[in-house]
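I have placed the structure first, in the form of structure tokens, so that the comments after it can refer back to it.
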Number of protein chains: 2
Amino acid sequence: MAEPAFTDPTTLLPAVAQDAASGQVLMLAYMNREAYEETLRTGRAVYYSRSKQRLWRKGEQSGNEQLVEQVLIDCDADAIVLRVKQLGGAACHTGHQSCFYREVTDQGLRVVGERVFNPDDVYGPPQS
Amino acid sequence: MAEPAFTDPTTLLPAVAQDAASGQVLMLAYMNREAYEETLRTGRAVYYSRSKQRLWRKGEQSGNEQLVEQVLIDCDADAIVLRVKQLGGAACHTGHQSCFYREVTDQGLRVVGERVFNPDDVYGPPQS
């Protein structure tokens with residue numbers, strides 16, 4: 001297969017963002033064809049937000065954009081890896097470097113990842 | 001959220017296998033709750049195959065099992081990272097170390113990953 005299998009405009013494929021320098025897996029989000037094509041064209045990660053039901057230009061609110069250094073697709077062409085430079089040092093809206101900042105252990109979840117910013121400073125205080 | 005959001009037994013969540021030593025992203029597959037729980041219990045990666053519609057114990061045919069060193073979940077608890085030791089040196093049924101062995105370039109796809117085995121030797125020759 002020559003390109004990701006966006007069989008129709010509504011097809012969503014999972015995209016894994018990986019820090020190109022450290023190899024850390026930063027997040028997993030989804031792309032539709034439009035998001036994928038804009039990512040290739042602009043060199044900045046664009047996803048499709050399933051909750052907002054629209055294109056989500058990563059960093060549009062936080063400024064923490066992802067500069068795409070390499071795009072990889074898998075054997076079945078139905079999953080994508082973006083090797084990125086993460087601006088702002090954090091991919092996660094919680095302020096952690098990676099959205100995968102919790103380890104599953106026998107005793108429950110354990111925080112293992114670094115927190116870089118306080119989300120209240122970026123997104124404002126939680127709404128009451 | 002205290003554990004992955006398998007809201008019902010048919011829910012599938014994406015799981016990214018990453019080589020624990022090199023950081024290479026090896027593959028992306030899906031888990032249902034049963035696959036997730038068997039993975040935690042056995043320490044070997046178990047997925048749910050959407051094509052076979054059954055549990056898929058990684059390496060059941062090829063022998064290339066994945067020994068799970070760490071399980072991470074993301075902020076929304078709807079995606080999983082397995083940090084693994086990949087037996088046999090290859091995660092992909094094509095014989096490549098990683099399923100993400102192709103880079104998207106302006107000139108089309110370019111193979112960037114190493115091939116470790118010939119799939120015909122493992123799975124037998126293609127069926128006519």
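In the structure tokens, chains take letters A, B, ... by order of appearance, with residues numbered from 1 within each chain and ligands from 1 in the order shown.
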task = Name all residues at most 6 Å from Asp19 (chain B) (count only C-alpha atoms; drop same-chain ones fewer than 6 positions away) and give them as a PyMOL selection string.
result = chain B and resi 83-85
Got time to write the residues from that selection, C-alpha atoms, as a compact mmCIF listing (two decimals), in the first residue's frame?
# COMPACT_ATOMS: atom_id res chain seq x y z
CA ARG B 83 7.58 -1.32 26.83
CA VAL B 84 8.78 -4.75 25.74
CA LYS B 85 11.66 -7.03 25.04
task = For Lys58 (chain A), please output as a PyMOL selection string all residues within 10 Å (counting only C-alpha atoms; exclusion window: fewer than 6 positions along the same chain).
result = chain A and resi 44-49+64-67+91
task = Find the residues near Ala21 (chain B): any atom within 12 Å, counting only C-alpha atoms, skip ones fewer than 5 places away on the same chain, and give them as a VMD selection string.
result = (chain A and resid 23 to 24) or (chain B and resid 26 68 to 70 83 to 86 89)
inquiry  = With only C-alpha atoms considered, list every residue of chain B at most 8 Å from chain A, as a list in words.
reply    = Ala2, Glu3, Pro14, Gly23, Gln24, Met27, Leu28, Gln70, Val71, Leu72, Ile73, Asp74, Cys75, Ala79, Ile80, Val81, Cys92, Thr94, Cys99, Phe100, Tyr101, Arg102, Glu103, Val104, Thr105, Gly108 and Leu109 of chain B
Taking C-alpha atoms for each residue, export the selection above as a short mmCIF file (atom, residue, chain, number, x, y, z; two decimals), in the first residue's frame.
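After the write, part_18.cif holds the following:
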data_model
loop_
_atom_site.label_atom_id
_atom_site.label_comp_id
_atom_site.auth_asym_id
_atom_site.auth_seq_id
_atom_site.Cartn_x
_atom_site.Cartn_y
_atom_site.Cartn_z
CA ALA B 2 -7.69 4.31 37.57
CA GLU B 3 -7.41 1.88 34.70
CA PRO B 14 -4.91 1.03 20.80
CA GLY B 23 12.92 3.09 22.26
CA GLN B 24 11.92 2.02 18.75
CA MET B 27 3.89 -1.91 16.27
CA LEU B 28 0.42 -0.70 17.05
CA GLN B 70 6.33 -1.78 31.69
CA VAL B 71 2.72 -0.83 30.94
CA LEU B 72 1.85 2.85 30.63
CA ILE B 73 -1.55 4.47 30.11
CA ASP B 74 -2.28 7.93 28.85
CA CYS B 75 -4.04 10.91 30.41
CA ALA B 79 -4.40 4.31 24.93
CA ILE B 80 -1.68 1.97 26.19
CA VAL B 81 2.08 1.74 25.75
CA CYS B 92 6.59 -7.43 12.09
CA THR B 94 7.21 -8.98 7.12
CA CYS B 99 6.08 -2.62 11.54
CA PHE B 100 6.91 1.07 10.96
CA TYR B 101 9.69 0.35 8.49
CA ARG B 102 8.57 2.79 5.78
CA GLU B 103 9.03 6.52 5.71
CA VAL B 104 6.66 8.83 3.85
CA THR B 105 8.67 11.14 1.55
CA GLY B 108 6.77 8.09 -2.07
CA LEU B 109 7.58 5.46 0.52
#
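Proximity of B:Ala35, B:Arg41, B:Pro9, B:Asp120 to Arg57 (chain B), computed with only C-alpha atoms, is greatest for B:Ala35.
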message = With DSSP run on the backbone, what are the strand (DSSP E or B) residues within chain B? I'd like them as a PyMOL selection string.
response = chain B and resi 13-19+25-31+44+46-49+54-57+66-73+80-86+96+102-105+108-111+115
query = To one decimal place, how far is CA of Leu55 (chain A) from CA of Thr42 (chain A) in Å?
reply = 13.9 Å
Neighbour list for Arg50 (chain B) as a PyMOL selection string, cut-off 12 Å, only C-alpha atoms, skip fewer than 4 positions in-chain = chain B and resi 10-14+29-32+54-56
Since we have the selection now, will you write its residues out, keeping C-alpha atoms, as a CSV table (one decimal), in the first residue's frame?
chain,number,residue,atom,x,y,z
B,10,THR,CA,-16.0,-5.3,23.3
B,11,THR,CA,-14.2,-1.9,23.7
B,12,LEU,CA,-10.9,-1.9,21.8
B,13,LEU,CA,-8.1,0.4,22.8
B,14,PRO,CA,-4.9,1.0,20.8
B,29,ALA,CA,-2.4,-3.2,17.8
B,30,TYR,CA,-5.6,-3.3,19.8
B,31,MET,CA,-6.6,-4.7,23.1
B,32,ASN,CA,-9.9,-5.6,24.6
B,54,ARG,CA,-10.0,-13.4,18.6
B,55,LEU,CA,-7.2,-13.0,21.1
B,56,TRP,CA,-3.9,-12.9,19.5
task = From a DSSP calculation on the backbone, collect every residue of chain B in helix (DSSP H, G or I) and output the set as a list of chain:residue names.
result = B:Arg33, B:Glu34, B:Ala35, B:Tyr36, B:Glu37, B:Glu38, B:Thr39, B:Leu40, B:Arg41, B:Thr42, B:Leu87, B:Gly88, B:Gly89, B:Pro119, B:Asp120, B:Asp121, B:Val122, B:Tyr123
Just write the chosen residues, C-alpha atoms, as a short mmCIF file (atom, residue, chain, number, x, y, z; two decimals), in the first residue's frame.
data_model
loop_
_atom_site.label_atom_id
_atom_site.label_comp_id
_atom_site.auth_asym_id
_atom_site.auth_seq_id
_atom_site.Cartn_x
_atom_site.Cartn_y
_atom_site.Cartn_z
CA ARG B 33 -10.20 -6.00 28.35
CA GLU B 34 -9.45 -9.71 28.19
CA ALA B 35 -6.24 -9.15 26.21
CA TYR B 36 -5.17 -6.40 28.60
CA GLU B 37 -5.77 -8.53 31.67
CA GLU B 38 -3.98 -11.55 30.21
CA THR B 39 -1.05 -9.29 29.31
CA LEU B 40 -0.78 -8.05 32.90
CA ARG B 41 -1.17 -11.56 34.29
CA THR B 42 1.32 -13.31 32.03
CA LEU B 87 12.04 -11.92 21.12
CA GLY B 88 13.39 -12.99 17.73
CA GLY B 89 14.46 -9.43 17.00
CA PRO B 119 8.66 -14.42 6.38
CA ASP B 120 8.53 -17.49 4.12
CA ASP B 121 10.86 -19.22 6.57
CA VAL B 122 8.51 -18.53 9.46
CA TYR B 123 5.02 -18.68 8.01
#
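Here CA of Gly113 (chain A) stands at a distance of 10.6 Å from CA of Ala90 (chain A).
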